[in-house]
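Quick look at work_11.cif (mmCIF, C-alpha atoms and all ligand atoms):
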```
data_upload
#
loop_
_atom_site.label_atom_id
_atom_site.label_comp_id
_atom_site.auth_asym_id
_atom_site.auth_seq_id
_atom_site.Cartn_x
_atom_site.Cartn_y
_atom_site.Cartn_z
CA MET A 16 -12.12 -10.15 -27.05
CA LYS A 17 -9.19 -10.47 -24.64
CA ILE A 18 -8.87 -8.06 -21.71
CA LEU A 19 -5.79 -7.54 -19.54
CA VAL A 20 -6.96 -6.89 -15.97
CA THR A 21 -4.23 -5.36 -13.80
CA GLY A 22 -4.76 -5.77 -10.06
CA GLY A 23 -7.37 -8.41 -10.89
CA MET A 24 -6.91 -10.27 -7.61
CA GLY A 25 -7.90 -7.16 -5.64
CA TYR A 26 -11.33 -6.13 -4.42
CA ILE A 27 -12.84 -4.39 -7.44
CA GLY A 28 -10.65 -6.17 -10.01
CA SER A 29 -11.74 -9.66 -8.87
CA HIS A 30 -15.45 -8.78 -9.11
CA THR A 31 -14.84 -7.32 -12.56
CA CYS A 32 -13.02 -10.51 -13.64
CA VAL A 33 -16.15 -12.46 -12.65
CA GLU A 34 -18.44 -10.18 -14.68
CA LEU A 35 -16.09 -10.25 -17.69
CA LEU A 36 -15.89 -14.07 -17.66
CA ASN A 37 -19.66 -14.39 -17.17
CA ASP A 38 -20.19 -12.14 -20.19
CA GLY A 39 -17.94 -14.32 -22.37
CA TYR A 40 -14.77 -12.20 -22.42
CA GLU A 41 -11.36 -13.82 -22.22
CA ILE A 42 -9.17 -12.34 -19.52
CA VAL A 43 -5.50 -12.23 -18.62
CA VAL A 44 -4.70 -11.06 -15.11
CA ILE A 45 -1.59 -9.59 -13.51
CA ASP A 46 -1.18 -8.93 -9.79
CA ASP A 47 1.74 -8.85 -7.35
CA PHE A 48 -0.42 -9.69 -4.29
CA SER A 49 0.75 -6.55 -2.49
CA ASN A 50 -2.85 -6.14 -1.33
CA SER A 51 -4.58 -9.41 -2.21
CA LYS A 52 -4.33 -13.13 -1.74
CA PRO A 53 -3.45 -15.92 -4.21
CA GLU A 54 -6.58 -17.95 -3.40
CA VAL A 55 -8.72 -15.34 -5.18
CA GLU A 56 -7.65 -16.85 -8.52
CA ASP A 57 -9.36 -20.17 -7.75
CA LYS A 58 -12.38 -18.46 -6.28
CA ILE A 59 -12.98 -16.51 -9.50
CA LYS A 60 -12.69 -19.79 -11.40
CA THR A 61 -15.13 -21.51 -9.02
CA ILE A 62 -17.74 -18.76 -9.32
CA THR A 63 -17.58 -18.58 -13.10
CA GLY A 64 -16.60 -22.14 -14.03
CA LYS A 65 -14.12 -20.55 -16.45
CA ASP A 66 -10.34 -20.56 -16.72
CA PHE A 67 -7.94 -17.68 -17.36
CA LYS A 68 -4.25 -16.94 -17.51
CA PHE A 69 -2.64 -15.37 -14.45
CA TYR A 70 0.77 -13.72 -14.18
CA GLU A 71 2.22 -12.93 -10.75
CA GLY A 72 4.40 -9.83 -10.77
CA ASP A 73 4.80 -6.10 -10.66
CA ILE A 74 3.40 -4.00 -13.48
CA LYS A 75 6.46 -1.76 -13.26
CA ASN A 76 8.39 -4.76 -14.60
CA ARG A 77 8.49 -3.88 -18.29
CA LYS A 78 10.00 -7.23 -19.25
CA LEU A 79 7.08 -9.10 -17.70
CA LEU A 80 4.54 -6.77 -19.33
CA ASN A 81 6.17 -7.27 -22.73
CA LYS A 82 6.00 -11.02 -22.21
CA ILE A 83 2.28 -10.78 -21.39
CA PHE A 84 1.56 -8.75 -24.54
CA GLU A 85 3.71 -11.10 -26.65
CA GLU A 86 2.02 -14.23 -25.33
CA ASN A 87 -1.53 -12.83 -25.54
CA LYS A 88 -3.29 -10.69 -28.11
CA ILE A 89 -4.63 -8.06 -25.72
CA ASP A 90 -7.52 -5.95 -27.09
CA ALA A 91 -8.11 -3.73 -24.06
CA VAL A 92 -6.69 -3.04 -20.61
CA MET A 93 -8.57 -2.43 -17.36
CA HIS A 94 -6.10 -0.88 -14.96
CA PHE A 95 -7.06 -1.47 -11.31
CA ALA A 96 -3.59 -2.01 -9.84
CA GLY A 97 -2.39 0.65 -7.47
CA TYR A 98 -2.20 1.58 -3.83
CA LYS A 99 -5.35 3.12 -2.39
CA ALA A 100 -5.00 3.94 1.32
CA VAL A 101 -5.35 7.68 1.84
CA GLY A 102 -3.71 7.76 5.29
CA GLU A 103 -0.77 5.64 4.19
CA SER A 104 -0.27 7.88 1.16
CA VAL A 105 0.17 10.88 3.48
CA LYS A 106 2.88 9.01 5.41
CA LYS A 107 4.57 7.40 2.40
CA PRO A 108 3.98 9.72 -0.56
CA LEU A 109 6.94 8.48 -2.62
CA MET A 110 5.72 4.91 -2.39
CA TYR A 111 2.34 6.04 -3.75
CA TYR A 112 3.74 8.22 -6.53
CA ASP A 113 6.13 5.44 -7.52
CA ASN A 114 3.59 2.64 -7.61
CA ASN A 115 0.54 4.44 -8.98
CA LEU A 116 2.34 6.55 -11.59
CA ASN A 117 5.09 4.19 -12.71
CA THR A 118 2.75 1.22 -13.16
CA THR A 119 0.53 3.36 -15.38
CA LEU A 120 3.37 4.89 -17.42
CA THR A 121 5.00 1.52 -18.06
CA LEU A 122 1.67 -0.05 -18.95
CA LEU A 123 0.70 2.72 -21.40
CA ASP A 124 4.10 2.55 -23.07
CA VAL A 125 4.00 -1.22 -23.49
CA MET A 126 0.40 -1.02 -24.78
CA LYS A 127 1.55 1.44 -27.44
CA GLU A 128 4.43 -0.82 -28.48
CA HIS A 129 1.94 -3.63 -29.01
CA GLY A 130 -0.76 -1.59 -30.74
CA CYS A 131 -3.34 -1.90 -27.95
CA ASN A 132 -5.46 1.25 -27.87
CA LYS A 133 -8.25 0.68 -25.34
CA PHE A 134 -7.64 1.69 -21.72
CA ILE A 135 -10.08 1.82 -18.81
CA PHE A 136 -8.76 3.54 -15.70
CA SER A 137 -9.88 3.25 -12.06
CA SER A 138 -10.09 6.82 -10.88
CA SER A 139 -11.92 8.09 -7.84
CA ALA A 140 -14.39 10.68 -6.63
CA THR A 141 -11.49 11.95 -4.54
CA VAL A 142 -10.39 13.99 -7.61
CA TYR A 143 -13.36 16.33 -6.95
CA GLY A 144 -11.74 17.51 -3.70
CA LYS A 145 -14.30 19.49 -1.71
CA PRO A 146 -17.19 19.90 -4.16
CA HIS A 147 -18.97 23.28 -4.13
CA THR A 148 -22.40 21.74 -4.73
CA LEU A 149 -23.99 18.30 -4.78
CA PRO A 150 -24.58 16.00 -6.59
CA ILE A 151 -21.20 15.90 -8.33
CA LEU A 152 -21.07 16.13 -12.11
CA GLU A 153 -18.14 14.99 -14.26
CA ASP A 154 -17.27 18.55 -15.31
CA PHE A 155 -16.84 19.87 -11.74
CA PRO A 156 -13.45 21.45 -10.92
CA LEU A 157 -10.80 18.98 -9.81
CA SER A 158 -8.48 19.18 -6.82
CA THR A 159 -7.04 16.82 -4.25
CA THR A 160 -6.30 16.77 -0.55
CA ASN A 161 -3.81 13.89 -0.22
CA PRO A 162 -1.06 12.12 -2.22
CA TYR A 163 -3.32 9.18 -3.15
CA GLY A 164 -5.83 11.56 -4.71
CA THR A 165 -3.04 13.46 -6.42
CA THR A 166 -1.79 10.26 -8.08
CA LYS A 167 -5.29 9.72 -9.50
CA LEU A 168 -5.52 13.30 -10.74
CA MET A 169 -2.01 13.17 -12.21
CA ILE A 170 -2.86 9.99 -14.10
CA GLU A 171 -6.05 11.62 -15.42
CA MET A 172 -3.89 14.53 -16.67
CA ILE A 173 -1.38 12.15 -18.27
CA LEU A 174 -4.21 10.31 -20.03
CA LYS A 175 -5.61 13.58 -21.34
CA ASP A 176 -2.21 14.60 -22.76
CA LEU A 177 -1.77 11.16 -24.26
CA PHE A 178 -5.13 11.39 -25.97
CA ILE A 179 -4.29 14.82 -27.40
CA ALA A 180 -1.11 13.30 -28.86
CA ASP A 181 -2.87 10.21 -30.19
CA ASN A 182 -6.54 10.49 -31.12
CA ASP A 183 -6.72 6.80 -32.05
CA LEU A 184 -6.74 5.93 -28.40
CA ASN A 185 -9.92 5.08 -26.55
CA ILE A 186 -9.58 6.00 -22.90
CA THR A 187 -12.38 5.74 -20.34
CA ILE A 188 -11.82 7.20 -16.90
CA LEU A 189 -14.20 5.82 -14.29
CA ARG A 190 -14.52 7.84 -11.11
CA TYR A 191 -15.73 5.47 -8.41
CA PHE A 192 -17.64 6.69 -5.41
CA ASN A 193 -17.57 4.32 -2.37
CA PRO A 194 -17.57 0.66 -3.33
CA ILE A 195 -18.70 -1.77 -0.62
CA GLY A 196 -20.35 -5.21 -0.45
CA ALA A 197 -19.18 -8.47 -1.92
CA HIS A 198 -20.11 -11.14 -4.44
CA GLU A 199 -23.30 -12.89 -3.34
CA SER A 200 -21.51 -16.27 -3.35
CA GLY A 201 -19.47 -15.06 -0.38
CA LEU A 202 -16.31 -16.30 -2.13
CA ILE A 203 -14.78 -12.92 -2.99
CA GLY A 204 -15.03 -9.59 -1.22
CA GLU A 205 -12.95 -6.91 0.41
CA ASN A 206 -10.08 -8.53 2.25
CA PRO A 207 -7.28 -6.02 2.74
CA ASN A 208 -3.89 -7.37 3.88
CA ASP A 209 -3.68 -4.64 6.53
CA ILE A 210 -5.92 -2.79 9.00
CA PRO A 211 -8.81 -1.56 6.85
CA ASN A 212 -8.94 2.13 5.97
CA ASN A 213 -12.48 2.16 4.69
CA LEU A 214 -15.64 2.17 6.75
CA MET A 215 -17.33 -1.10 5.73
CA PRO A 216 -14.39 -3.48 6.36
CA TYR A 217 -14.06 -1.84 9.75
CA ILE A 218 -17.78 -2.20 10.57
CA VAL A 219 -17.55 -5.86 9.66
CA LYS A 220 -14.55 -6.43 11.94
CA VAL A 221 -16.41 -4.81 14.85
CA ALA A 222 -19.50 -6.92 14.12
CA THR A 223 -17.45 -10.14 14.21
CA GLY A 224 -15.71 -9.11 17.44
CA GLU A 225 -12.26 -8.78 15.88
CA TYR A 226 -12.22 -5.08 16.75
CA GLU A 227 -13.91 -3.70 19.82
CA CYS A 228 -15.37 -0.48 18.57
CA LEU A 229 -15.82 1.64 15.47
CA SER A 230 -14.65 5.25 15.67
CA VAL A 231 -17.10 7.55 13.90
CA PHE A 232 -15.00 10.56 12.94
CA GLY A 233 -17.15 13.61 13.58
CA ASN A 234 -20.86 14.04 14.33
CA ASP A 235 -21.06 17.76 13.68
CA TYR A 236 -21.01 17.76 9.90
CA ASP A 237 -23.68 19.55 7.95
CA THR A 238 -25.69 16.36 7.24
CA HIS A 239 -29.01 14.91 8.48
CA ASP A 240 -27.43 13.20 11.51
CA GLY A 241 -24.10 15.03 11.71
CA THR A 242 -21.98 12.13 10.41
CA GLY A 243 -20.31 12.14 6.98
CA VAL A 244 -22.45 11.23 3.97
CA ARG A 245 -21.07 9.16 1.08
CA ASP A 246 -22.35 7.48 -2.06
CA TYR A 247 -21.97 3.74 -1.36
CA ILE A 248 -22.09 1.51 -4.41
CA HIS A 249 -22.27 -2.29 -4.50
CA VAL A 250 -19.02 -3.66 -5.93
CA VAL A 251 -20.94 -5.92 -8.34
CA ASP A 252 -22.81 -2.91 -9.77
CA LEU A 253 -19.45 -1.17 -10.08
CA ALA A 254 -17.91 -4.17 -11.84
CA LYS A 255 -20.82 -4.21 -14.31
CA GLY A 256 -20.12 -0.56 -15.05
CA HIS A 257 -16.74 -1.62 -16.45
CA ILE A 258 -18.36 -3.98 -18.95
CA LYS A 259 -20.69 -1.20 -20.12
CA ALA A 260 -17.70 1.14 -20.39
CA LEU A 261 -15.82 -1.44 -22.46
CA GLU A 262 -18.77 -1.88 -24.80
CA ASN A 263 -19.06 1.88 -25.35
CA MET A 264 -15.52 3.17 -25.77
CA ASN A 265 -15.23 6.25 -27.93
CA GLY A 266 -12.32 8.66 -27.50
CA LEU A 267 -11.59 10.13 -24.08
CA LYS A 268 -14.52 9.81 -21.66
CA TYR A 269 -15.13 10.40 -17.97
CA TYR A 270 -17.92 8.79 -15.97
CA ASN A 271 -19.03 8.90 -12.35
CA LEU A 272 -19.88 5.45 -11.06
CA GLY A 273 -22.10 5.93 -8.02
CA THR A 274 -25.74 5.42 -7.10
CA GLY A 275 -26.55 9.11 -6.76
CA ASN A 276 -27.74 8.53 -3.17
CA GLY A 277 -25.98 9.64 -0.01
CA PHE A 278 -25.95 7.61 3.21
CA SER A 279 -24.35 8.71 6.47
CA VAL A 280 -21.96 6.66 8.59
CA LEU A 281 -24.76 6.06 11.08
CA ASP A 282 -27.23 5.11 8.31
CA LEU A 283 -24.74 2.45 7.27
CA VAL A 284 -24.14 1.20 10.83
CA ASN A 285 -27.89 1.03 11.56
CA THR A 286 -28.69 -0.76 8.29
CA PHE A 287 -25.84 -3.20 8.87
CA GLU A 288 -27.14 -4.02 12.37
CA LYS A 289 -30.71 -4.45 11.13
CA VAL A 290 -30.14 -6.68 8.09
CA ASN A 291 -27.50 -8.85 9.76
CA ASN A 292 -29.04 -8.87 13.23
CA VAL A 293 -25.73 -7.97 14.90
CA LYS A 294 -24.44 -5.18 17.12
CA VAL A 295 -21.82 -2.70 15.92
CA ASN A 296 -20.34 -0.80 18.86
CA TYR A 297 -19.26 2.67 17.95
CA LYS A 298 -18.01 5.84 19.57
CA ILE A 299 -17.86 9.37 18.28
CA ALA A 300 -14.28 10.57 17.67
CA PRO A 301 -12.94 13.93 16.47
CA ARG A 302 -13.17 14.75 12.77
CA ARG A 303 -10.36 13.48 10.55
CA GLU A 304 -8.43 16.08 8.68
CA GLY A 305 -9.44 16.33 5.03
CA ASP A 306 -12.85 14.63 5.42
CA ILE A 307 -15.78 16.45 3.83
CA ASP A 308 -19.42 16.68 4.94
CA ALA A 309 -21.00 14.93 2.02
CA CYS A 310 -20.16 13.49 -1.38
CA TYR A 311 -22.49 11.83 -3.84
CA ALA A 312 -22.62 11.44 -7.58
CA ASP A 313 -24.79 12.59 -10.38
CA ALA A 314 -24.58 9.31 -12.28
CA SER A 315 -26.87 10.30 -15.14
CA LEU A 316 -24.10 10.52 -17.75
CA ALA A 317 -23.17 6.85 -17.29
CA LYS A 318 -26.87 5.98 -17.56
CA LYS A 319 -27.33 8.02 -20.73
CA GLU A 320 -24.13 7.10 -22.59
CA LEU A 321 -23.32 3.64 -21.23
CA GLY A 322 -26.81 2.39 -20.39
CA TRP A 323 -25.54 1.60 -16.90
CA GLU A 324 -27.52 1.87 -13.68
CA THR A 325 -27.07 0.43 -10.21
CA THR A 326 -29.55 -2.20 -9.07
CA LYS A 327 -28.40 -3.15 -5.56
CA THR A 328 -29.65 -1.52 -2.38
CA ILE A 329 -27.79 -0.42 0.74
CA GLU A 330 -29.32 -3.49 2.45
CA ASP A 331 -27.77 -5.77 -0.23
CA MET A 332 -24.41 -4.09 0.33
CA CYS A 333 -24.52 -4.65 4.10
CA LYS A 334 -25.78 -8.25 3.78
CA ASP A 335 -23.19 -9.28 1.20
CA ALA A 336 -20.28 -7.63 3.03
CA TYR A 337 -21.12 -9.54 6.22
CA ASN A 338 -21.83 -12.81 4.42
CA PHE A 339 -18.36 -12.68 2.83
CA VAL A 340 -16.62 -12.29 6.16
CA ILE A 341 -18.69 -14.91 7.96
CA LYS A 342 -18.00 -17.43 5.17
CA ASN A 343 -14.26 -16.70 5.20
CA LYS A 344 -13.60 -16.41 8.91
N1 LIG B 401 -11.88 0.59 -3.12
C1 LIG B 401 -12.15 1.87 -3.20
O1 LIG B 401 -12.77 2.45 -2.31
C2 LIG B 401 -11.73 2.67 -4.42
C3 LIG B 401 -12.35 3.91 -4.67
C4 LIG B 401 -11.95 4.63 -5.78
C5 LIG B 401 -10.94 4.15 -6.61
N2 LIG B 401 -10.35 2.97 -6.33
C6 LIG B 401 -9.28 2.48 -7.20
O2 LIG B 401 -9.66 1.26 -7.82
C7 LIG B 401 -8.54 0.41 -8.00
C8 LIG B 401 -8.83 -0.93 -7.38
O3 LIG B 401 -9.14 -0.74 -6.01
P1 LIG B 401 -9.38 -1.97 -5.04
O4 LIG B 401 -10.27 -1.49 -3.95
O5 LIG B 401 -9.75 -3.18 -5.80
O6 LIG B 401 -7.91 -2.12 -4.45
P2 LIG B 401 -7.13 -3.45 -4.03
O7 LIG B 401 -5.95 -3.01 -3.25
O8 LIG B 401 -8.05 -4.44 -3.44
O9 LIG B 401 -6.66 -4.01 -5.46
C9 LIG B 401 -5.53 -3.53 -6.14
C10 LIG B 401 -4.74 -4.73 -6.60
O10 LIG B 401 -3.58 -4.28 -7.30
C11 LIG B 401 -2.46 -5.04 -6.89
N3 LIG B 401 -1.27 -4.22 -7.12
C12 LIG B 401 -0.94 -3.03 -6.53
N4 LIG B 401 0.21 -2.57 -7.04
C13 LIG B 401 0.61 -3.45 -7.99
C14 LIG B 401 1.72 -3.53 -8.88
N5 LIG B 401 2.68 -2.59 -8.90
N6 LIG B 401 1.81 -4.58 -9.72
C15 LIG B 401 0.87 -5.56 -9.71
N7 LIG B 401 -0.21 -5.55 -8.90
C16 LIG B 401 -0.34 -4.50 -8.04
C17 LIG B 401 -2.74 -5.40 -5.43
O11 LIG B 401 -2.05 -6.56 -5.00
C18 LIG B 401 -4.25 -5.60 -5.43
O12 LIG B 401 -4.59 -6.95 -5.70
C19 LIG B 401 -7.35 1.14 -7.37
O13 LIG B 401 -6.64 1.79 -8.38
C20 LIG B 401 -8.01 2.14 -6.44
O14 LIG B 401 -7.21 3.27 -6.24
C21 LIG B 401 -10.74 2.20 -5.27
#
```

Can you give me the file's structure in the form of structure tokens?
Amino acid sequence: MKILVTGGMGYIGSHTCVELLNDGYEIVVIDDFSNSKPEVEDKIKTITGKDFKFYEGDIKNRKLLNKIFEENKIDAVMHFAGYKAVGESVKKPLMYYDNNLNTTLTLLDVMKEHGCNKFIFSSSATVYGKPHTLPILEDFPLSTTNPYGTTKLMIEMILKDLFIADNDLNITILRYFNPIGAHESGLIGENPNDIPNNLMPYIVKVATGEYECLSVFGNDYDTHDGTGVRDYIHVVDLAKGHIKALENMNGLKYYNLGTGNGFSVLDLVNTFEKVNNVKVNYKIAPRREGDIDACYADASLAKKELGWETTKTIEDMCKDAYNFVIKNK
């Protein structure tokens, strides 16, 4: 079975490429390196000992996509490519709508032309907005608080309409919670081209001395220590969730991919310090607009229907994230 992985040089895509190759799938990858580095291609090959075809370019380029589908018999698509920085999306909404929506529309259209009917989409827990209760179930009401989240919700709506029009499609929408950590080899991990937006890459940069201090946004939330609680999931567990999703496609499906456990910002900082024996300087800063107290998944549907469960601990996540940065300094 041949899978087209869009954005396969990025953080989650690269780990999923590794799991796909390890499980015997053939992959074809497209990426424009807008948020990743070319050396990831060789690193995936080193980890797996397997080869794959790579195309450099923009998914909005229909000509290139047609070429990929003509040169390869693609059975399914995993669509990771997109921009993901919430703050940037507030400042540059058109850039986000253009890239996230137009990549997906072009891709779906070209898939249809070539008779490919399996699509796995990287959505996000951000589509739940401010949940009224916890843990979050897949049928909770959806809403968004920023343009990035709106692109994810709009794509979910497009996919639903597409499925209504064409029941032969198999579409799986995976709503990720907070992926962190790295491959245990230390060869691939989260390596954003810009200043990191997410907590873990920031913690790591403070631990290595690149940044002086971590700003913890708010310590008066309604949580056990006042700092925001999130559902952190090891990126390798997340990648494995995609294989399970691929093996169990059946119509239009939605799954939460999270651990079901909530950890606060300070839980994460303390665990990181303990397992890596380093200091992470932090200061309390005002709340950020749009942040919510707590967010964690009910992941029982993915367990029941996909047979998927996370296996890695918060300690593994902290250890692997640091190991990746130390090895690649
Ligand atoms: N990392 C998270 O916290 C998180 C959480 C929920 C959902 N997601 C979603 O998962 C997906 C993957 O996230 P990630 O963390 O691996 O992001 P990432 O930025 O590391 O990877 C995305 C990859 O897509 C590529 N890309 C972007 N636009 C492209 C285009 N037009 N053509 C070709 N390549 C393009 C980038 O160069 C990058 O390699 C994204 O859609 C993201 O929104 C991520």

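Take the candidates A:Ile151, A:Leu36, A:Leu189, A:Leu283 and check each one against ligand LIG 401 (chain B) using all atoms listed in the file; the shortest distance goes to A:Leu189.
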
Checklist line | Between atom CA of A:Val142 and atom CA of A:Thr165 - distance in Å to one decimal | finding: 7.5 Å

Check: Which of these, A:Thr141, A:Thr160, A:Asn117, A:Asn271, has the shortest distance to A:Ile173 once you count all atoms listed in the file?
Finding: A:Asn117

Check: Residues at most 9 Å from ligand LIG 401 (chain B), using only C-alpha atoms and all ligand atoms? Could they come as a VMD selection string?
Finding: chain A and resid 21 to 30 45 to 52 71 to 76 94 to 100 113 to 115 117 to 118 136 to 141 163 to 164 167 189 to 195 204 to 208 213 250

Next item on the list: Just the residues within 8 Å of stretch 302-308 of chain A, please, counting only C-alpha atoms, with nothing from its chain fewer than 2 positions along; format it as a ChimeraX atom specification.
Entry: /A:145,160,232-234,236-238,242-244,300,310

Just-selected residues, C-alpha atoms written as a short mmCIF file (atom, residue, chain, number, x, y, z; two decimals), keeping the file's coordinate frame:
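Result went into result.cif, see below:
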```
data_model
loop_
_atom_site.label_atom_id
_atom_site.label_comp_id
_atom_site.auth_asym_id
_atom_site.auth_seq_id
_atom_site.Cartn_x
_atom_site.Cartn_y
_atom_site.Cartn_z
CA LYS A 145 -14.30 19.49 -1.71
CA THR A 160 -6.30 16.77 -0.55
CA PHE A 232 -15.00 10.56 12.94
CA GLY A 233 -17.15 13.61 13.58
CA ASN A 234 -20.86 14.04 14.33
CA TYR A 236 -21.01 17.76 9.90
CA ASP A 237 -23.68 19.55 7.95
CA THR A 238 -25.69 16.36 7.24
CA THR A 242 -21.98 12.13 10.41
CA GLY A 243 -20.31 12.14 6.98
CA VAL A 244 -22.45 11.23 3.97
CA ALA A 300 -14.28 10.57 17.67
CA CYS A 310 -20.16 13.49 -1.38
#
```

Note to self: List as number ranges by chain the protein and nucleic acid residues near A:Pro162, meaning an atom at most 9 Å away when all atoms listed in the file are counted, but skip any in the same chain fewer than 4 places from it.
What the structure shows: A: 101, 104-105, 107-109, 111-112, 166-167

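Candidate residues A:Pro146, A:Tyr247, A:Leu122, A:Cys228 were compared for distance to A:Phe134, and the nearest is A:Leu122, using only C-alpha atoms.
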
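If you count all atoms listed in the file and ignore residues fewer than 4 places along the chain from stretch 88-93 of chain A, what sits within 7 Å of it is Met16, Lys17, Ile18, Leu19, Val20, Thr21, Phe84, Cys131, Asn132, Lys133, Phe134, Ile135 and Phe136 of chain A.
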
Item checked: Contacts of A:Tyr337 at 12 Å (all atoms listed in the file; same-chain gap of 2+ positions) as a ChimeraX atom specification -> /A:195-206,215-223,286-293,295,330-335,339-344

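The spacing separating atom CA of A:Thr274 from atom CA of A:Val251 amounts to 12.4 Å.
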
Note to self: So that I can check the surroundings of stretch 314-320 of chain A, please list as an MDAnalysis selection string every protein, DNA and RNA residue that reaches within 9 Å of it, counting all atoms listed in the file and ignoring chain neighbours fewer than 5 positions away.
What the structure shows: chainID A and resid 150:153 256 259:260 263 269:275

May I have the residues from that selection written out with C-alpha atoms, as a short mmCIF file (atom, residue, chain, number, x, y, z; two decimals), keeping the file's coordinate frame?
```cif
data_model
loop_
_atom_site.label_atom_id
_atom_site.label_comp_id
_atom_site.auth_asym_id
_atom_site.auth_seq_id
_atom_site.Cartn_x
_atom_site.Cartn_y
_atom_site.Cartn_z
CA PRO A 150 -24.58 16.00 -6.59
CA ILE A 151 -21.20 15.90 -8.33
CA LEU A 152 -21.07 16.13 -12.11
CA GLU A 153 -18.14 14.99 -14.26
CA GLY A 256 -20.12 -0.56 -15.05
CA LYS A 259 -20.69 -1.20 -20.12
CA ALA A 260 -17.70 1.14 -20.39
CA ASN A 263 -19.06 1.88 -25.35
CA TYR A 269 -15.13 10.40 -17.97
CA TYR A 270 -17.92 8.79 -15.97
CA ASN A 271 -19.03 8.90 -12.35
CA LEU A 272 -19.88 5.45 -11.06
CA GLY A 273 -22.10 5.93 -8.02
CA THR A 274 -25.74 5.42 -7.10
CA GLY A 275 -26.55 9.11 -6.76
#
```

Next item on the list: Pick out the closest residue to A:Asp246 from this set: A:Ile329, A:Ala180, A:Met264, A:Leu123. Count all atoms listed in the file.
Entry: A:Ile329

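If you look at atom CA of A:Leu261 and atom CA of A:Ala336, they are 26.6 Å away from each other.
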
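Among the candidate residues A:Lys268, A:His249, A:Lys127, A:His147, the one lying nearest to A:Ile186 is A:Lys268, with distances computed using all atoms listed in the file.
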
Next item on the list: Check the smallest atom-to-atom distance from each of A:Lys298, A:Thr119, A:Asn161, A:Lys175 to A:Glu103 using only C-alpha atoms, then report the winner.
Entry: A:Asn161
